[in-house]
Amino acid sequence: KRLSLPQRRPFFKRRRRNPGDIDLVTLCTQLTVDRLPRLASTAASFAGPVSAAIFVGRYRPFEIEIEEVAAAWGENEAMQRYVDIHVVIDSKTPWFKSAIGKEGRGDDPYPVNILRQESIRRAQTEWIFLAEGDMVSAPNGHELIRSTWGRMLTEEKHHLLTPGKGKTPGVAFVVPSYYAPTKDRDDPQLTLSERVPKSKDELVSAVKDDKVKRMSDVYDSHKELNYQAWEDLRNDTFMSYNWTMSIEPYYIGRKDTLPPFDPLFMGMGGDKRSQLRHMGRTGFVFLVHPHFYAVNFESDGIGEAWIPTLSARYWRSRFVGTMHVHFVNELRSRHS
């Protein structure tokens, strides 16, 4: 049986932008059809351009799921105004097998990095905000970024031209991320966009009331961010962020400076980290955005196909991770 990469249908749905819209940053995300309500919340909260790669054919025949995507987009004003949808079709012929479970989809792992790269490739702005399908930004997120846009470009220029530091290929602005359960304990009927704290002050209060958690309290890969210092910050200072091999922050970056995601990673396990390690080894500067934030809501029904068997996960992660190290080292030696 021949293996193949998924078919793509870019711009399956194009956003209906207003003539006066000035787009600075595109939120790039990936998801399956069960996450369509979350995409609507993402669009409403960010209120700016969104590039969404949607994997269809995972749960039902792809023709049916494409119709579901079209219906969801056609029924939601925020999605119509802000979201470009790019359909990626489940080929049912992956290059390796994942866990096999009751769902019957374990043979076919989720091509997360193919989807991420597709969403970034199709973004119509120079800058992108890398997000996940369960992530909702601060309210009016695009406008919040706009309020510091001049400072961001100044910071980028400063770090790219600083003498004595060697060549810096780019600057990434880390977005502080938080974690929350799917349902609000006081009002379960609230949508996700309604549940995101409306301001930084409200966010800090929500942390104290245990309504949201810092991502560093959930995942070790976010522990490099000094959350307390960022929450106390009330000016436009861009805090420094220490790159290490284990970090996995979400960030805003200039599209043409970012290394591509490695499509060999599917499911979970080193997928996003491979790109961040490439960025760190080649000299990217990481700064923390002073005002912009996002909330990652608990995943419902993440699916067995996300999780490879242990043996498959370890050999695959080690192999791809090792090859990535050699590739980046060779790249640096050629261009140093």
# chains A, B, ... in the order shown; residues from 1 in each chain; ligands from 1

$ residues_around --residues "Gly141 in chain A" --least-positions-apart "5" --cutoff "9 Å" --atoms "only C-alpha atoms" --output "PDB file with C-alpha atoms, in the first residue's frame"
ATOM      1  CA  SER A  45     -11.807  37.047  20.304  1.00  0.00           C
ATOM      2  CA  PHE A  46      -8.783  37.754  18.095  1.00  0.00           C
ATOM      3  CA  ALA A  47     -10.868  39.951  15.740  1.00  0.00           C
ATOM      4  CA  GLY A  48      -8.153  39.843  13.112  1.00  0.00           C
ATOM      5  CA  ARG A 146      -1.498  46.944  17.007  1.00  0.00           C
ATOM      6  CA  PHE A 292      -0.939  40.155  24.674  1.00  0.00           C
ATOM      7  CA  TYR A 293      -1.921  36.742  26.136  1.00  0.00           C
ATOM      8  CA  ALA A 294      -3.956  33.661  25.284  1.00  0.00           C
TER       9      ALA A 294
END

$ select_by_dssp --residues "range 17-240 of chain A" --states "alpha helix (DSSP H)" --output "PyMOL selection string"
chain A and resi 36-46+62-74+77-82+112-121+141-146+149-161+192-195+200-208+227-232

$ select_by_dssp --residues "range 160-317 of chain A" --states "strand (DSSP E)" --output "MDAnalysis selection string"
chainID A and resid 171:175 177:180 213:214 239:240 250:254 285:288 294:297

$ write_last_selection --atoms "N, CA, C and O atoms" --output "short mmCIF file (atom, residue, chain, number, x, y, z; two decimals), in the first residue's frame"
data_model
loop_
_atom_site.label_atom_id
_atom_site.label_comp_id
_atom_site.auth_asym_id
_atom_site.auth_seq_id
_atom_site.Cartn_x
_atom_site.Cartn_y
_atom_site.Cartn_z
N VAL A 171 13.42 37.65 15.41
CA VAL A 171 12.95 37.90 16.78
C VAL A 171 11.56 37.27 16.92
O VAL A 171 10.71 37.44 16.04
N ALA A 172 11.35 36.55 18.00
CA ALA A 172 10.05 35.96 18.30
C ALA A 172 9.51 36.58 19.58
O ALA A 172 10.22 36.64 20.59
N PHE A 173 8.27 37.04 19.53
CA PHE A 173 7.63 37.65 20.69
C PHE A 173 6.75 36.60 21.37
O PHE A 173 5.70 36.20 20.83
N VAL A 174 7.19 36.15 22.52
CA VAL A 174 6.50 35.09 23.25
C VAL A 174 5.16 35.61 23.79
O VAL A 174 5.09 36.72 24.32
N VAL A 175 4.13 34.80 23.64
CA VAL A 175 2.79 35.14 24.12
C VAL A 175 2.52 34.34 25.40
O VAL A 175 2.42 33.12 25.35
N SER A 177 0.86 32.23 27.99
CA SER A 177 -0.29 31.35 27.79
C SER A 177 -0.79 30.82 29.12
O SER A 177 -0.01 30.53 30.02
N TYR A 178 -2.11 30.68 29.19
CA TYR A 178 -2.76 30.20 30.40
C TYR A 178 -3.65 29.01 30.06
O TYR A 178 -3.89 28.71 28.87
N TYR A 179 -4.14 28.35 31.08
CA TYR A 179 -4.88 27.09 30.89
C TYR A 179 -6.18 27.16 31.69
O TYR A 179 -6.19 27.64 32.83
N ALA A 180 -7.27 26.68 31.08
CA ALA A 180 -8.55 26.71 31.77
C ALA A 180 -9.38 25.48 31.39
O ALA A 180 -9.23 24.94 30.28
N LYS A 213 -5.12 28.81 35.08
CA LYS A 213 -3.80 28.47 35.60
C LYS A 213 -2.73 28.97 34.64
O LYS A 213 -2.97 29.09 33.44
N ARG A 214 -1.58 29.28 35.19
CA ARG A 214 -0.44 29.56 34.34
C ARG A 214 -0.05 28.26 33.63
O ARG A 214 -0.08 27.19 34.23
N MET A 239 10.08 41.94 28.11
CA MET A 239 10.97 41.14 28.94
C MET A 239 11.77 40.16 28.08
O MET A 239 11.28 39.66 27.07
N SER A 240 12.99 39.86 28.51
CA SER A 240 13.77 38.84 27.82
C SER A 240 13.25 37.46 28.19
O SER A 240 12.63 37.27 29.24
N TYR A 250 4.30 29.75 22.74
CA TYR A 250 3.62 30.26 21.55
C TYR A 250 4.15 31.67 21.31
O TYR A 250 4.52 32.37 22.25
N TYR A 251 4.17 32.09 20.07
CA TYR A 251 4.89 33.33 19.77
C TYR A 251 4.30 34.02 18.54
O TYR A 251 3.55 33.45 17.74
N ILE A 252 4.70 35.29 18.40
CA ILE A 252 4.46 36.08 17.19
C ILE A 252 5.81 36.22 16.48
O ILE A 252 6.80 36.60 17.11
N GLY A 253 5.86 35.90 15.21
CA GLY A 253 7.12 35.98 14.48
C GLY A 253 6.92 36.39 13.04
O GLY A 253 5.83 36.29 12.48
N ARG A 254 8.00 36.88 12.44
CA ARG A 254 7.96 37.27 11.03
C ARG A 254 8.03 36.00 10.18
O ARG A 254 8.97 35.21 10.29
N VAL A 285 16.21 35.68 18.80
CA VAL A 285 16.02 36.37 20.06
C VAL A 285 14.56 36.20 20.48
O VAL A 285 13.65 36.41 19.67
N PHE A 286 14.34 35.82 21.74
CA PHE A 286 12.99 35.65 22.26
C PHE A 286 12.70 36.75 23.28
O PHE A 286 13.45 36.95 24.23
N LEU A 287 11.62 37.49 23.05
CA LEU A 287 11.15 38.52 23.96
C LEU A 287 9.70 38.23 24.32
O LEU A 287 9.00 37.56 23.57
N VAL A 288 9.23 38.73 25.45
CA VAL A 288 7.86 38.49 25.89
C VAL A 288 7.01 39.72 25.60
O VAL A 288 7.36 40.83 25.98
N ALA A 294 -2.98 34.60 25.84
CA ALA A 294 -3.96 33.66 25.28
C ALA A 294 -4.27 32.60 26.33
O ALA A 294 -3.46 32.33 27.23
N VAL A 295 -5.45 32.02 26.20
CA VAL A 295 -5.89 30.95 27.10
C VAL A 295 -6.08 29.67 26.30
O VAL A 295 -6.79 29.67 25.28
N ASN A 296 -5.43 28.61 26.74
CA ASN A 296 -5.58 27.30 26.12
C ASN A 296 -6.61 26.51 26.93
O ASN A 296 -6.39 26.22 28.10
N PHE A 297 -7.73 26.21 26.29
CA PHE A 297 -8.79 25.51 27.00
C PHE A 297 -8.57 24.00 26.92
O PHE A 297 -8.06 23.49 25.92
#

$ closest_residue --among "A:Arg121, A:Lys208, A:Lys13, A:Lys167" --to "Gln228 in chain A" --atoms "only C-alpha atoms"
A:Lys208

$ residues_around --residues "Pro260 in chain A" --least-positions-apart "5" --cutoff "12 Å" --atoms "only C-alpha atoms" --output "PyMOL selection string"
chain A and resi 113-121+255+271-279+324

$ residues_around --residues "Ala206 in chain A" --least-positions-apart "5" --cutoff "8 Å" --atoms "only C-alpha atoms" --output "list of chain:residue names"
A:Pro197, A:Lys211, A:Val212

$ write_last_selection --atoms "N, CA, C and O atoms" --output "CSV table (one decimal), in the first residue's frame"
chain,number,residue,atom,x,y,z
A,197,PRO,N,-10.4,36.2,30.1
A,197,PRO,CA,-10.3,37.5,30.9
A,197,PRO,C,-10.2,38.7,29.9
A,197,PRO,O,-9.4,38.6,29.0
A,211,LYS,N,-9.4,30.4,38.5
A,211,LYS,CA,-10.2,30.1,37.3
A,211,LYS,C,-9.4,29.8,36.1
A,211,LYS,O,-9.9,29.1,35.2
A,212,VAL,N,-8.2,30.3,36.1
A,212,VAL,CA,-7.3,29.9,35.0
A,212,VAL,C,-5.9,29.6,35.7
A,212,VAL,O,-5.7,30.1,36.8

$ residues_around --residues "Thr42 in chain A" --least-positions-apart "3" --cutoff "10 Å" --atoms "only C-alpha atoms" --output "list in words"
Leu27, Thr29, Leu36, Pro37, Arg38, Leu39, Ser45, Phe46, Ala47, Gly48, Val50, Ala78, Met79, Tyr82, Val83, Ala131, Glu132, Gly133, Asp134, Met135, Val136, Ser137, Ala138, Pro139, Gly141, Leu192, Ser193 and Ala294 of chain A

$ closest_residue --among "A:Pro169, A:Asp23, A:Arg35, A:Arg151" --to "Thr282 in chain A" --atoms "only C-alpha atoms"
A:Pro169

$ atom_distance --atom1 "CA of Lys198 in chain A" --atom2 "CA of Glu75 in chain A"
25.4 Å

$ closest_residue --among "A:Met215, A:Met245, A:Leu203, A:Leu130" --to "Asp232 in chain A" --atoms "only C-alpha atoms"
A:Leu203

$ closest_residue --among "A:Gly280, A:Pro259, A:Pro111, A:Gly150" --to "Gln7 in chain A" --atoms "only C-alpha atoms"
A:Pro111

$ residues_around --residues "Asn18 in chain A" --least-positions-apart "3" --cutoff "10 Å" --atoms "only C-alpha atoms" --output "count of residues only"
5

$ atom_distance --atom1 "CA of His222 in chain A" --atom2 "CA of Asp34 in chain A"
26.7 Å

$ closest_residue --among "A:Ile66, A:Val56, A:Ala40, A:Val204" --to "Ser91 in chain A" --atoms "only C-alpha atoms"
A:Val56

$ atom_distance --atom1 "CA of Val25 in chain A" --atom2 "CA of Glu126 in chain A"
7.1 Å
